[in-house]
Amino acid sequence: MDELLERVRADYQRIGAREAYDAARAGEALLVDIRYAALRERDGLIPGALVVERNELEWRLDPRGSHRVPEATGHDLRIVVVCDEGYASSLAAASLHRLGLHRATDLVGGFQAWRAAGLPVTR
C-alpha cells in the first residue's frame, strides 16, 4: 500500500492545512470532505467544505456527469480532498485526475492535520 500511495502522490502536489485554508477562503479551491458520517459526527466539520462520501466522489465531481453537484463547474476546478488522516484522500485525488480533474489534490494529514493546525472546525 505504501508503494501505491507513493506512486499516486508523485502525479500531483499535495497541500498542507494552512495552504488549503487560505485557498478555500480566497475562493481558489473547493474543499471536499470524504470522511464517513461517524467521523464527521465525532470530530466536526470544516466550515464551507463540501461533504461527499468517498463512494460517491467521482459521480458528484465529474463536471460532465448527470449526478454532479453544482460546485462541479469544470475540469479546471481546484479540488482539495480531505479524509481523516490523508491516506484515502490520496487515492481519491488520483481517481479525480483520471476523470480529467487535473488540479485535484489532497490534504496532507487530512482532517486531523487541519484540526492540529488550529483551523476552524464546527460541530
# chains A, B, ... in the order shown; residues from 1 in each chain; ligands from 1
$ residues_around --residues "Leu77 in chain A" --least-positions-apart "4" --cutoff "10 Å" --atoms "only C-alpha atoms" --output "PyMOL selection string"
chain A and resi 28-30+61+63+71-73+101-104
$ residues_around --residues "Glu6 in chain A" --least-positions-apart "6" --cutoff "12 Å" --atoms "only C-alpha atoms" --output "list of chain:residue names"
A:Tyr12, A:Gln13, A:Arg14, A:Tyr87, A:Ser90, A:Leu91, A:Ala94
$ write_last_selection --atoms "N, CA, C and O atoms" --output "JSON list (two decimals), in the first residue's frame"
[["chain", "number", "residue", "atom", "x", "y", "z"],
["A", 12, "TYR", "N", 0.94, 14.50, -8.49],
["A", 12, "TYR", "CA", 0.38, 15.81, -8.16],
["A", 12, "TYR", "C", 1.05, 16.35, -6.90],
["A", 12, "TYR", "O", 1.71, 15.63, -6.17],
["A", 13, "GLN", "N", 0.87, 17.64, -6.66],
["A", 13, "GLN", "CA", 1.43, 18.31, -5.49],
["A", 13, "GLN", "C", 0.39, 18.31, -4.37],
["A", 13, "GLN", "O", -0.67, 18.90, -4.52],
["A", 14, "ARG", "N", 0.70, 17.68, -3.27],
["A", 14, "ARG", "CA", -0.21, 17.67, -2.12],
["A", 14, "ARG", "C", -0.18, 19.04, -1.44],
["A", 14, "ARG", "O", 0.73, 19.83, -1.67],
["A", 87, "TYR", "N", -4.75, 9.50, 3.82],
["A", 87, "TYR", "CA", -4.42, 8.31, 3.03],
["A", 87, "TYR", "C", -5.48, 8.05, 1.96],
["A", 87, "TYR", "O", -5.17, 8.04, 0.77],
["A", 90, "SER", "N", -5.60, 10.58, -0.86],
["A", 90, "SER", "CA", -4.61, 10.48, -1.93],
["A", 90, "SER", "C", -5.13, 9.61, -3.06],
["A", 90, "SER", "O", -5.00, 9.95, -4.24],
["A", 91, "LEU", "N", -5.73, 8.48, -2.72],
["A", 91, "LEU", "CA", -6.30, 7.60, -3.73],
["A", 91, "LEU", "C", -7.48, 8.27, -4.42],
["A", 91, "LEU", "O", -7.66, 8.14, -5.63],
["A", 94, "ALA", "N", -6.22, 10.84, -6.94],
["A", 94, "ALA", "CA", -5.73, 10.16, -8.14],
["A", 94, "ALA", "C", -6.90, 9.75, -9.03],
["A", 94, "ALA", "O", -6.83, 9.87, -10.26]]
$ closest_residue --among "A:Arg42, A:Arg123, A:Ala93, A:Gly100" --to "Arg9 in chain A" --atoms "only C-alpha atoms"
A:Ala93
$ atom_distance --atom1 "CA of Arg40 in chain A" --atom2 "CA of Phe111 in chain A"
9.6 Å
$ residues_around --residues "Ile46 in chain A" --least-positions-apart "5" --cutoff "12 Å" --atoms "only C-alpha atoms" --output "PyMOL selection string"
chain A and resi 17+20-21+24-25+30-35+40-41+51+81-84+110-115+118-123
$ closest_residue --among "A:Asn55, A:Leu50, A:Ser95, A:Glu19" --to "Pro70 in chain A" --atoms "only C-alpha atoms"
A:Leu50
$ atom_distance --atom1 "CA of Asp22 in chain A" --atom2 "CA of Leu57 in chain A"
23.1 Å
$ select_by_dssp --residues "range 38-110 of chain A" --states "alpha helix (DSSP H)" --output "PyMOL selection string"
chain A and resi 38-43+57-61+88-98+110
$ residues_around --residues "Ala38 in chain A" --least-positions-apart "5" --cutoff "12 Å" --atoms "only C-alpha atoms" --output "list in words"
Asp43, Gly44, Leu45, Glu53 and Asp84 of chain A
$ write_last_selection --atoms "C-alpha atoms" --output "short mmCIF file (atom, residue, chain, number, x, y, z; two decimals), in the first residue's frame"
data_model
loop_
_atom_site.label_atom_id
_atom_site.label_comp_id
_atom_site.auth_asym_id
_atom_site.auth_seq_id
_atom_site.Cartn_x
_atom_site.Cartn_y
_atom_site.Cartn_z
CA ASP A 43 -14.71 15.32 15.13
CA GLY A 44 -16.77 18.02 13.45
CA LEU A 45 -16.72 19.67 10.05
CA GLU A 53 -18.65 10.48 0.95
CA ASP A 84 -9.34 11.65 8.24
#
$ closest_residue --among "A:Ala23, A:Leu99, A:Ala37, A:Ala92" --to "His75 in chain A" --atoms "only C-alpha atoms"
A:Leu99
$ decode --residues "range 80-105 of chain A" --atoms "N, CA and C atoms" --output "short mmCIF file (atom, residue, chain, number, x, y, z; two decimals), in the first residue's frame"
data_model
loop_
_atom_site.label_atom_id
_atom_site.label_comp_id
_atom_site.auth_asym_id
_atom_site.auth_seq_id
_atom_site.Cartn_x
_atom_site.Cartn_y
_atom_site.Cartn_z
N VAL A 80 -9.52 20.07 -3.25
CA VAL A 80 -8.67 19.55 -2.19
C VAL A 80 -9.49 18.51 -1.44
N VAL A 81 -9.13 17.24 -1.60
CA VAL A 81 -9.85 16.15 -0.96
C VAL A 81 -9.32 15.98 0.46
N VAL A 82 -10.26 15.84 1.40
CA VAL A 82 -9.92 15.70 2.82
C VAL A 82 -10.51 14.40 3.34
N CYS A 83 -9.66 13.54 3.89
CA CYS A 83 -10.13 12.36 4.61
C CYS A 83 -9.71 12.54 6.07
N ASP A 84 -9.67 11.49 6.83
CA ASP A 84 -9.34 11.65 8.24
C ASP A 84 -7.86 11.92 8.47
N GLU A 85 -6.98 11.14 7.82
CA GLU A 85 -5.54 11.27 8.09
C GLU A 85 -4.68 11.45 6.84
N GLY A 86 -5.30 11.55 5.66
CA GLY A 86 -4.54 11.83 4.45
C GLY A 86 -4.10 10.62 3.65
N TYR A 87 -4.75 9.50 3.82
CA TYR A 87 -4.42 8.31 3.03
C TYR A 87 -5.48 8.05 1.96
N ALA A 88 -6.72 7.88 2.36
CA ALA A 88 -7.80 7.64 1.40
C ALA A 88 -7.94 8.82 0.44
N SER A 89 -7.65 10.02 0.92
CA SER A 89 -7.76 11.20 0.07
C SER A 89 -6.75 11.18 -1.07
N SER A 90 -5.60 10.58 -0.86
CA SER A 90 -4.61 10.48 -1.93
C SER A 90 -5.13 9.61 -3.06
N LEU A 91 -5.73 8.48 -2.72
CA LEU A 91 -6.30 7.60 -3.73
C LEU A 91 -7.48 8.27 -4.42
N ALA A 92 -8.26 9.02 -3.66
CA ALA A 92 -9.41 9.73 -4.23
C ALA A 92 -8.95 10.81 -5.20
N ALA A 93 -7.91 11.57 -4.84
CA ALA A 93 -7.39 12.60 -5.73
C ALA A 93 -6.87 11.98 -7.03
N ALA A 94 -6.22 10.84 -6.94
CA ALA A 94 -5.73 10.16 -8.14
C ALA A 94 -6.90 9.75 -9.03
N SER A 95 -7.97 9.31 -8.43
CA SER A 95 -9.16 8.94 -9.20
C SER A 95 -9.76 10.16 -9.90
N LEU A 96 -9.76 11.29 -9.23
CA LEU A 96 -10.27 12.52 -9.85
C LEU A 96 -9.39 12.95 -11.02
N HIS A 97 -8.09 12.71 -10.91
CA HIS A 97 -7.20 13.00 -12.03
C HIS A 97 -7.58 12.17 -13.24
N ARG A 98 -7.92 10.90 -13.01
CA ARG A 98 -8.32 10.03 -14.12
C ARG A 98 -9.61 10.52 -14.78
N LEU A 99 -10.44 11.28 -14.05
CA LEU A 99 -11.65 11.88 -14.63
C LEU A 99 -11.35 13.16 -15.39
N GLY A 100 -10.10 13.61 -15.34
CA GLY A 100 -9.73 14.83 -16.02
C GLY A 100 -9.66 16.05 -15.13
N LEU A 101 -9.87 15.88 -13.84
CA LEU A 101 -9.78 16.99 -12.88
C LEU A 101 -8.32 17.14 -12.48
N HIS A 102 -7.55 17.75 -13.38
CA HIS A 102 -6.09 17.77 -13.28
C HIS A 102 -5.55 18.61 -12.14
N ARG A 103 -6.37 19.43 -11.50
CA ARG A 103 -5.90 20.25 -10.38
C ARG A 103 -6.29 19.64 -9.03
N ALA A 104 -6.86 18.45 -9.04
CA ALA A 104 -7.25 17.80 -7.79
C ALA A 104 -6.00 17.45 -6.98
N THR A 105 -6.11 17.59 -5.68
CA THR A 105 -5.04 17.25 -4.76
C THR A 105 -5.67 16.77 -3.46
#
